[in-house]
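> Handing you a structure now.
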Number of protein chains: 2
Amino acid sequence: MTSEDAKPARTSGRPATIDADAVAGLALDLFAQHGYENTSMEDIARAAGIGRKSLYRYFASKADLVWGGTEPVVEASTLAFGSFHRQGKSDGDVLAGLREAAAAGVAAIPDLSVTRGRLRLIAEHAELTSRSYESLAPQRERTLAFLVENGLSGSAARYLSAAYLATTFEAWMQWAAGSDPDPVPYLMAALEVLRVPLGKAGVS
Amino acid sequence: MTSEDAKPARTSGRPATIDADAVAGLALDLFAQHGYENTSMEDIARAAGIGRKSLYRYFASKADLVWGGTEPVVEASTLAFGSFHRQGKSDGDVLAGLREAAAAGVAAIPDLSVTRGRLRLIAEHAELTSRSYESLAPQRERTLAFLVENGLSGSAARYLSAAYLATTFEAWMQWAAGSDPDPVPYLMAALEVLRVPLGKAGVS
DNA sequence: CCACCTTATGACACTCTGTGTCATTATGTA
DNA sequence: TACATAATGACACAGAGTGTCATAAGGTGG
């Protein structure tokens with residue numbers, strides 16, 4: 001999400017002058033100040049000193065301004081899946097892998113208070129809460145792949161990954177609603193409701 | 001959702017001339033024929049022979065035309081929770097209650113093929129899939145209440161109900177994607193990934 | 001130092017969703 | 001027949017999101 005990585009360092013052409021992260025932060029401020037629906041994309045663009053169309057070039061939708069910052073968490077969870085597998089624990093409890101992934105996501109967040117603000121904003125607006133399904137789609141795929149790699153059948157993996165996404169999201173929301181500094185206990189409690197169905201090793 | 005119940009039988013005033021169910025059915029036909037996003041509310045209104053504003057009086061949003069028909073399922077599940085409790089099995093496995101509720105929802109559907117079409121449409125459009133969070137909100141509350149009444153702690157109930165909603169939704173989507181007539185096996189398989197966390201009876 | 005090329009930028013116009021207002025119409029009741 | 005009630009739709013509006021296109025700005029090669 002940060003504006004400097006990913007981009008393969010172009011050799012020519014006009015360089016970007018807009019700092020996407022700064023604009024997103026500014027938008028969050030405006031949302032906190034005037035309310036989400038009372039702040040139009042036009043308002044945000046004007047406050048950022050850019051055109052509305054330019055704003056849309058960096059953020060595909062208004063919701064992206066809020067959800068955009070969650071991508072690093074997904075990325076970190078993905079990496080945790082990778083290392084879990086490589087450590088050769090794959091014959092063990094895949095739930096341990098899910099726990100590790102959830103905790104790794106937490107560790108990837110530089111400033112939890114910003115995340116709390118973001119999640120509270122999401123909780124307050126159904127339009128944003130709904131977006132969780134789409135925003136977590138990459139994580140759903142990664143989780144599914146991890147579970148299948150570790151011996152679960154396709155359908156069991158699908159249901160377990162759906163449950164994993166839903167419970168961890170709910171855990172984050174519960175954490176955000178309160179004032180506890182550490183979200184990990186919430187995540188661990190949430191994952192307590194999951195189990196690996198019997199006869200998991202159907203393949204290979 | 002049907003246009004005749006719920007309404008407390010007014011004593012005077014002009015009676016409604018619009019059949020909401022018929023309009024929703026017509027909209028589904030148009031969506032199937034021209035695609036969801038290629039069909040505007042204006043198109044639907046025109047095809048139904050009514051004004052766009054009147055259409056919005058019956059359906060708060062375009063998504064409601066698709067999701068509206070799922071309310072009976074939620075209602076039936078709710079009733080199943082009630083009877084489960086009254087049968088005095090509440091000291092037993094609450095997961096059995098969830099299974100009963102899921103199955104009861106299936107039994108409440110008059111024509112499964114219509115539901116399959118609806119769910120396929122939902123699956124194809126992220127905009128509609130997202131809506132599941134909002135559309136299932138009543139069911140989330142009912143499930144939460146059921147679990148709490150049966151001795152789960154607030155947080156465990158919250159996580160379990162989130163997982164219940166997510167897995168059953170995923171089960172419905174899996175069923176809709178295929179051609180099996182009965183969704184129940186999908187639902188039962190999905191619920192296999194759930195468990196009641198230890199120390200559930202923390203209250204009362 | 002200049003020409004060129006690539007890309008960011010924003011002005012303009014447009015469609016569609018969703019909402020609010022308000023006059024009109026139709027129907028059952030007194 | 002008058003009245004109250006509620007459905008209906010015409011009109012107008014804000015805002016999200018998209019497409020097109022001319023222009024500006026900086027780097028690269030001559």
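Residue names in the structure tokens use chain letters A, B, ... in the order shown, residue numbers from 1 in each chain, and ligand numbers from 1 in the order shown.
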Mind listing as a PyMOL selection string which residues of chain D are within 6 Å of chain B, counting only C-alpha atoms (C1' of nucleotides)?

chain D and resi 5-6+9

> Report as JSON lines: every residue of chain C with an atom at most 10 Å from chain A, its closest pair of atoms, and their distance in Å to one decimal, counting only C-alpha atoms (C1' of nucleotides), with rows sorted by chain and ascending residue number.


{"residue": "C:DC5", "atom": "C1'", "partner": "A:Gly13", "partner_atom": "CA", "distance": 7.3}
{"residue": "C:DT6", "atom": "C1'", "partner": "A:Gly13", "partner_atom": "CA", "distance": 4.0}
{"residue": "C:DT7", "atom": "C1'", "partner": "A:Gly13", "partner_atom": "CA", "distance": 4.8}
{"residue": "C:DA8", "atom": "C1'", "partner": "A:Ala16", "partner_atom": "CA", "distance": 6.0}
{"residue": "C:DT9", "atom": "C1'", "partner": "A:Ser54", "partner_atom": "CA", "distance": 6.7}
{"residue": "C:DG10", "atom": "C1'", "partner": "A:Gly51", "partner_atom": "CA", "distance": 5.6}
{"residue": "C:DA11", "atom": "C1'", "partner": "A:Gly51", "partner_atom": "CA", "distance": 9.1}

> Using the selection just defined, write its residues with N, CA and C atoms (P, O5', C5', C4', C3', O3' and C1' of nucleotides) as a short mmCIF file (atom, residue, chain, number, x, y, z; two decimals), in the first residue's frame.


data_model
loop_
_atom_site.label_atom_id
_atom_site.label_comp_id
_atom_site.auth_asym_id
_atom_site.auth_seq_id
_atom_site.Cartn_x
_atom_site.Cartn_y
_atom_site.Cartn_z
P DC C 5 9.00 10.77 -29.62
"O5'" DC C 5 8.96 9.73 -28.42
"C5'" DC C 5 10.10 9.59 -27.55
"C4'" DC C 5 9.64 9.36 -26.13
"C3'" DC C 5 8.20 8.85 -26.02
"O3'" DC C 5 8.17 7.77 -25.10
"C1'" DC C 5 8.50 10.72 -24.62
P DT C 6 6.95 6.69 -25.12
"O5'" DT C 6 6.79 6.37 -23.57
"C5'" DT C 6 7.90 6.62 -22.69
"C4'" DT C 6 7.40 7.23 -21.39
"C3'" DT C 6 6.02 6.73 -20.96
"O3'" DT C 6 6.13 6.17 -19.67
"C1'" DT C 6 6.15 9.08 -20.80
P DT C 7 4.96 5.21 -19.09
"O5'" DT C 7 4.26 6.19 -18.04
"C5'" DT C 7 5.07 6.87 -17.09
"C4'" DT C 7 4.35 8.07 -16.54
"C3'" DT C 7 2.91 7.81 -16.06
"O3'" DT C 7 2.82 8.17 -14.70
"C1'" DT C 7 3.06 9.82 -17.28
P DA C 8 1.55 7.79 -13.80
"O5'" DA C 8 1.24 9.16 -13.06
"C5'" DA C 8 2.33 9.94 -12.60
"C4'" DA C 8 1.92 11.40 -12.50
"C3'" DA C 8 0.62 11.62 -11.74
"O3'" DA C 8 0.78 12.74 -10.87
"C1'" DA C 8 0.45 12.55 -13.93
P DT C 9 -0.31 13.02 -9.77
"O5'" DT C 9 -1.28 14.02 -10.53
"C5'" DT C 9 -0.72 15.21 -11.11
"C4'" DT C 9 -1.75 15.94 -11.93
"C3'" DT C 9 -3.15 16.02 -11.32
"O3'" DT C 9 -3.34 17.33 -10.82
"C1'" DT C 9 -3.16 15.69 -13.69
P DG C 10 -4.59 17.61 -9.83
"O5'" DG C 10 -5.70 18.15 -10.84
"C5'" DG C 10 -5.39 19.23 -11.70
"C4'" DG C 10 -6.42 19.33 -12.80
"C3'" DG C 10 -7.88 19.34 -12.32
"O3'" DG C 10 -8.62 20.21 -13.17
"C1'" DG C 10 -7.62 17.66 -13.87
P DA C 11 -9.41 21.41 -12.52
"O5'" DA C 11 -10.30 21.92 -13.75
"C5'" DA C 11 -9.66 22.24 -14.98
"C4'" DA C 11 -10.49 21.76 -16.16
"C3'" DA C 11 -12.02 21.90 -15.97
"O3'" DA C 11 -12.57 22.56 -17.11
"C1'" DA C 11 -11.47 19.70 -16.66
#

> Which is closer to chain B than all the others in A:Leu95, A:Ala48, A:Leu119, A:Leu55, using only C-alpha atoms?

A:Leu95

> Between chain B and chain A, at 8 Å or less, what are the per-residue closest atom pairs and their distances in Å? Count only C-alpha atoms, order by chain and rising residue number, and return it as a Markdown table.


| residue | atom | partner | partner_atom | distance |
| --- | --- | --- | --- | --- |
| B:Ala126 | CA | A:Glu134 | CA | 6.9 |
| B:Thr129 | CA | A:Tyr133 | CA | 7.5 |
| B:Ser130 | CA | A:Ser130 | CA | 5.0 |
| B:Arg131 | CA | A:Ser130 | CA | 6.0 |
| B:Ser132 | CA | A:Ser130 | CA | 7.5 |
| B:Tyr133 | CA | A:Ser130 | CA | 5.5 |
| B:Glu134 | CA | A:Ser130 | CA | 6.7 |
| B:Ser155 | CA | A:Ala190 | CA | 8.0 |
| B:Ala156 | CA | A:Ala190 | CA | 7.1 |
| B:Arg158 | CA | A:Glu170 | CA | 7.8 |
| B:Tyr159 | CA | A:Thr167 | CA | 5.4 |
| B:Leu160 | CA | A:Val193 | CA | 5.8 |
| B:Ala162 | CA | A:Ala166 | CA | 5.8 |
| B:Ala163 | CA | A:Ala163 | CA | 4.6 |
| B:Tyr164 | CA | A:Ala163 | CA | 7.5 |
| B:Ala166 | CA | A:Ala163 | CA | 5.8 |
| B:Thr167 | CA | A:Tyr159 | CA | 5.4 |
| B:Glu170 | CA | A:Tyr159 | CA | 6.6 |
| B:Ala171 | CA | A:Tyr159 | CA | 7.4 |
| B:Ala189 | CA | A:Ala156 | CA | 7.4 |
| B:Ala190 | CA | A:Tyr159 | CA | 5.4 |
| B:Glu192 | CA | A:Pro197 | CA | 5.6 |
| B:Val193 | CA | A:Arg195 | CA | 5.0 |
| B:Leu194 | CA | A:Leu194 | CA | 4.9 |
| B:Arg195 | CA | A:Val193 | CA | 5.0 |
| B:Val196 | CA | A:Val193 | CA | 5.7 |
| B:Pro197 | CA | A:Val193 | CA | 5.5 |

> Given the selection you just returned, output its residues as a file containing N, CA and C atoms, formatted as a short mmCIF file (atom, residue, chain, number, x, y, z; two decimals), in the first residue's frame.


data_model
loop_
_atom_site.label_atom_id
_atom_site.label_comp_id
_atom_site.auth_asym_id
_atom_site.auth_seq_id
_atom_site.Cartn_x
_atom_site.Cartn_y
_atom_site.Cartn_z
N ALA B 126 -19.87 -9.02 -6.58
CA ALA B 126 -19.28 -8.68 -5.28
C ALA B 126 -20.18 -7.71 -4.51
N THR B 129 -22.70 -9.87 -2.94
CA THR B 129 -22.13 -10.76 -1.95
C THR B 129 -21.85 -10.00 -0.65
N SER B 130 -21.30 -8.84 -0.80
CA SER B 130 -21.02 -8.01 0.37
C SER B 130 -22.27 -7.83 1.22
N ARG B 131 -23.36 -7.65 0.53
CA ARG B 131 -24.62 -7.38 1.21
C ARG B 131 -24.99 -8.46 2.22
N SER B 132 -24.34 -9.63 2.14
CA SER B 132 -24.69 -10.72 3.05
C SER B 132 -24.55 -10.27 4.50
N TYR B 133 -23.55 -9.47 4.77
CA TYR B 133 -23.32 -9.04 6.15
C TYR B 133 -24.54 -8.30 6.70
N GLU B 134 -25.07 -7.40 5.88
CA GLU B 134 -26.24 -6.64 6.32
C GLU B 134 -27.51 -7.48 6.30
N SER B 155 -18.74 -13.33 24.66
CA SER B 155 -17.75 -13.30 23.59
C SER B 155 -17.75 -14.61 22.80
N ALA B 156 -17.85 -15.72 23.48
CA ALA B 156 -17.89 -17.00 22.78
C ALA B 156 -19.10 -17.06 21.86
N ARG B 158 -20.61 -14.59 20.52
CA ARG B 158 -20.42 -13.67 19.40
C ARG B 158 -19.55 -14.32 18.31
N TYR B 159 -18.47 -14.95 18.73
CA TYR B 159 -17.58 -15.56 17.74
C TYR B 159 -18.24 -16.76 17.07
N LEU B 160 -18.96 -17.53 17.88
CA LEU B 160 -19.61 -18.72 17.31
C LEU B 160 -20.72 -18.31 16.34
N ALA B 162 -20.82 -15.56 14.60
CA ALA B 162 -20.16 -15.05 13.38
C ALA B 162 -19.72 -16.21 12.49
N ALA B 163 -19.16 -17.23 13.12
CA ALA B 163 -18.70 -18.39 12.37
C ALA B 163 -19.88 -19.16 11.77
N TYR B 164 -20.96 -19.25 12.53
CA TYR B 164 -22.17 -19.93 12.05
C TYR B 164 -22.70 -19.25 10.79
N ALA B 166 -21.15 -17.23 8.71
CA ALA B 166 -20.20 -17.30 7.59
C ALA B 166 -20.18 -18.69 6.96
N THR B 167 -20.18 -19.72 7.78
CA THR B 167 -20.09 -21.07 7.23
C THR B 167 -21.38 -21.49 6.54
N GLU B 170 -21.50 -19.76 3.26
CA GLU B 170 -20.59 -20.43 2.33
C GLU B 170 -21.19 -21.75 1.84
N ALA B 171 -21.86 -22.45 2.73
CA ALA B 171 -22.50 -23.71 2.35
C ALA B 171 -23.58 -23.47 1.29
N ALA B 189 -22.09 -30.21 6.61
CA ALA B 189 -20.63 -30.28 6.45
C ALA B 189 -19.98 -28.99 6.91
N ALA B 190 -20.62 -27.89 6.60
CA ALA B 190 -20.07 -26.59 6.99
C ALA B 190 -20.00 -26.46 8.51
N GLU B 192 -19.54 -28.60 10.58
CA GLU B 192 -18.55 -29.50 11.17
C GLU B 192 -17.30 -28.75 11.65
N VAL B 193 -17.09 -27.58 11.11
CA VAL B 193 -15.87 -26.85 11.49
C VAL B 193 -16.07 -26.04 12.77
N LEU B 194 -17.27 -26.08 13.31
CA LEU B 194 -17.54 -25.31 14.52
C LEU B 194 -17.42 -26.17 15.77
N ARG B 195 -17.07 -25.52 16.86
CA ARG B 195 -17.09 -26.21 18.13
C ARG B 195 -17.44 -25.22 19.23
N VAL B 196 -17.96 -25.75 20.32
CA VAL B 196 -18.27 -24.90 21.46
C VAL B 196 -17.03 -24.84 22.33
N PRO B 197 -16.50 -23.67 22.55
CA PRO B 197 -15.28 -23.56 23.36
C PRO B 197 -15.49 -24.09 24.77
#

> Find the spatial neighbours of Ala103 in chain A, counting only C-alpha atoms (C1' of nucleotides), within a cut-off of 10 Å - ignore same-chain residues fewer than 6 positions away - and output them as a PyMOL selection string.

chain A and resi 73+76-77+80+97+183-185+187-188

> I'd like the neighbourhood of DA13 in chain C as a list in words, where a residue qualifies if any of its atoms comes within 12 Å (using only C-alpha atoms (C1' of nucleotides)), though same-chain residues fewer than 4 positions away should be ignored.

DT18, DG19, DT20 and DC21 of chain D

> Can you write out the residues you just picked, keeping N, CA and C atoms (P, O5', C5', C4', C3', O3' and C1' of nucleotides), as a short mmCIF file (atom, residue, chain, number, x, y, z; two decimals), in the first residue's frame?


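So the final result, stored in again22.cif, reads:
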data_model
loop_
_atom_site.label_atom_id
_atom_site.label_comp_id
_atom_site.auth_asym_id
_atom_site.auth_seq_id
_atom_site.Cartn_x
_atom_site.Cartn_y
_atom_site.Cartn_z
P DT D 18 -15.61 2.92 -10.95
"O5'" DT D 18 -15.86 3.59 -12.38
"C5'" DT D 18 -17.12 3.41 -13.02
"C4'" DT D 18 -17.09 4.05 -14.40
"C3'" DT D 18 -15.75 3.95 -15.13
"O3'" DT D 18 -15.95 3.35 -16.39
"C1'" DT D 18 -16.54 6.18 -15.15
P DG D 19 -14.67 3.00 -17.33
"O5'" DG D 19 -14.73 4.16 -18.44
"C5'" DG D 19 -15.98 4.46 -19.06
"C4'" DG D 19 -15.78 5.60 -20.06
"C3'" DG D 19 -14.44 5.55 -20.79
"O3'" DG D 19 -14.65 5.74 -22.19
"C1'" DG D 19 -14.75 7.68 -19.72
P DT D 20 -13.38 5.71 -23.16
"O5'" DT D 20 -13.19 7.27 -23.46
"C5'" DT D 20 -14.34 8.10 -23.65
"C4'" DT D 20 -13.92 9.53 -23.91
"C3'" DT D 20 -12.60 9.68 -24.69
"O3'" DT D 20 -12.76 10.65 -25.71
"C1'" DT D 20 -12.51 10.94 -22.71
P DC D 21 -11.66 10.79 -26.87
"O5'" DC D 21 -10.94 12.16 -26.48
"C5'" DC D 21 -11.72 13.23 -25.92
"C4'" DC D 21 -10.81 14.27 -25.30
"C3'" DC D 21 -9.44 14.39 -25.98
"O3'" DC D 21 -9.14 15.76 -26.21
"C1'" DC D 21 -9.18 14.15 -23.65
#

> Please identify which residues in range 12-203 of chain B DSSP calls helix (DSSP H, G or I) from the backbone, and express them as a PyMOL selection string.

chain B and resi 20-34+41-48+52-58+62-86+89-91+94-107+112-124+126-130+132-135+137-149+154-177+184-191
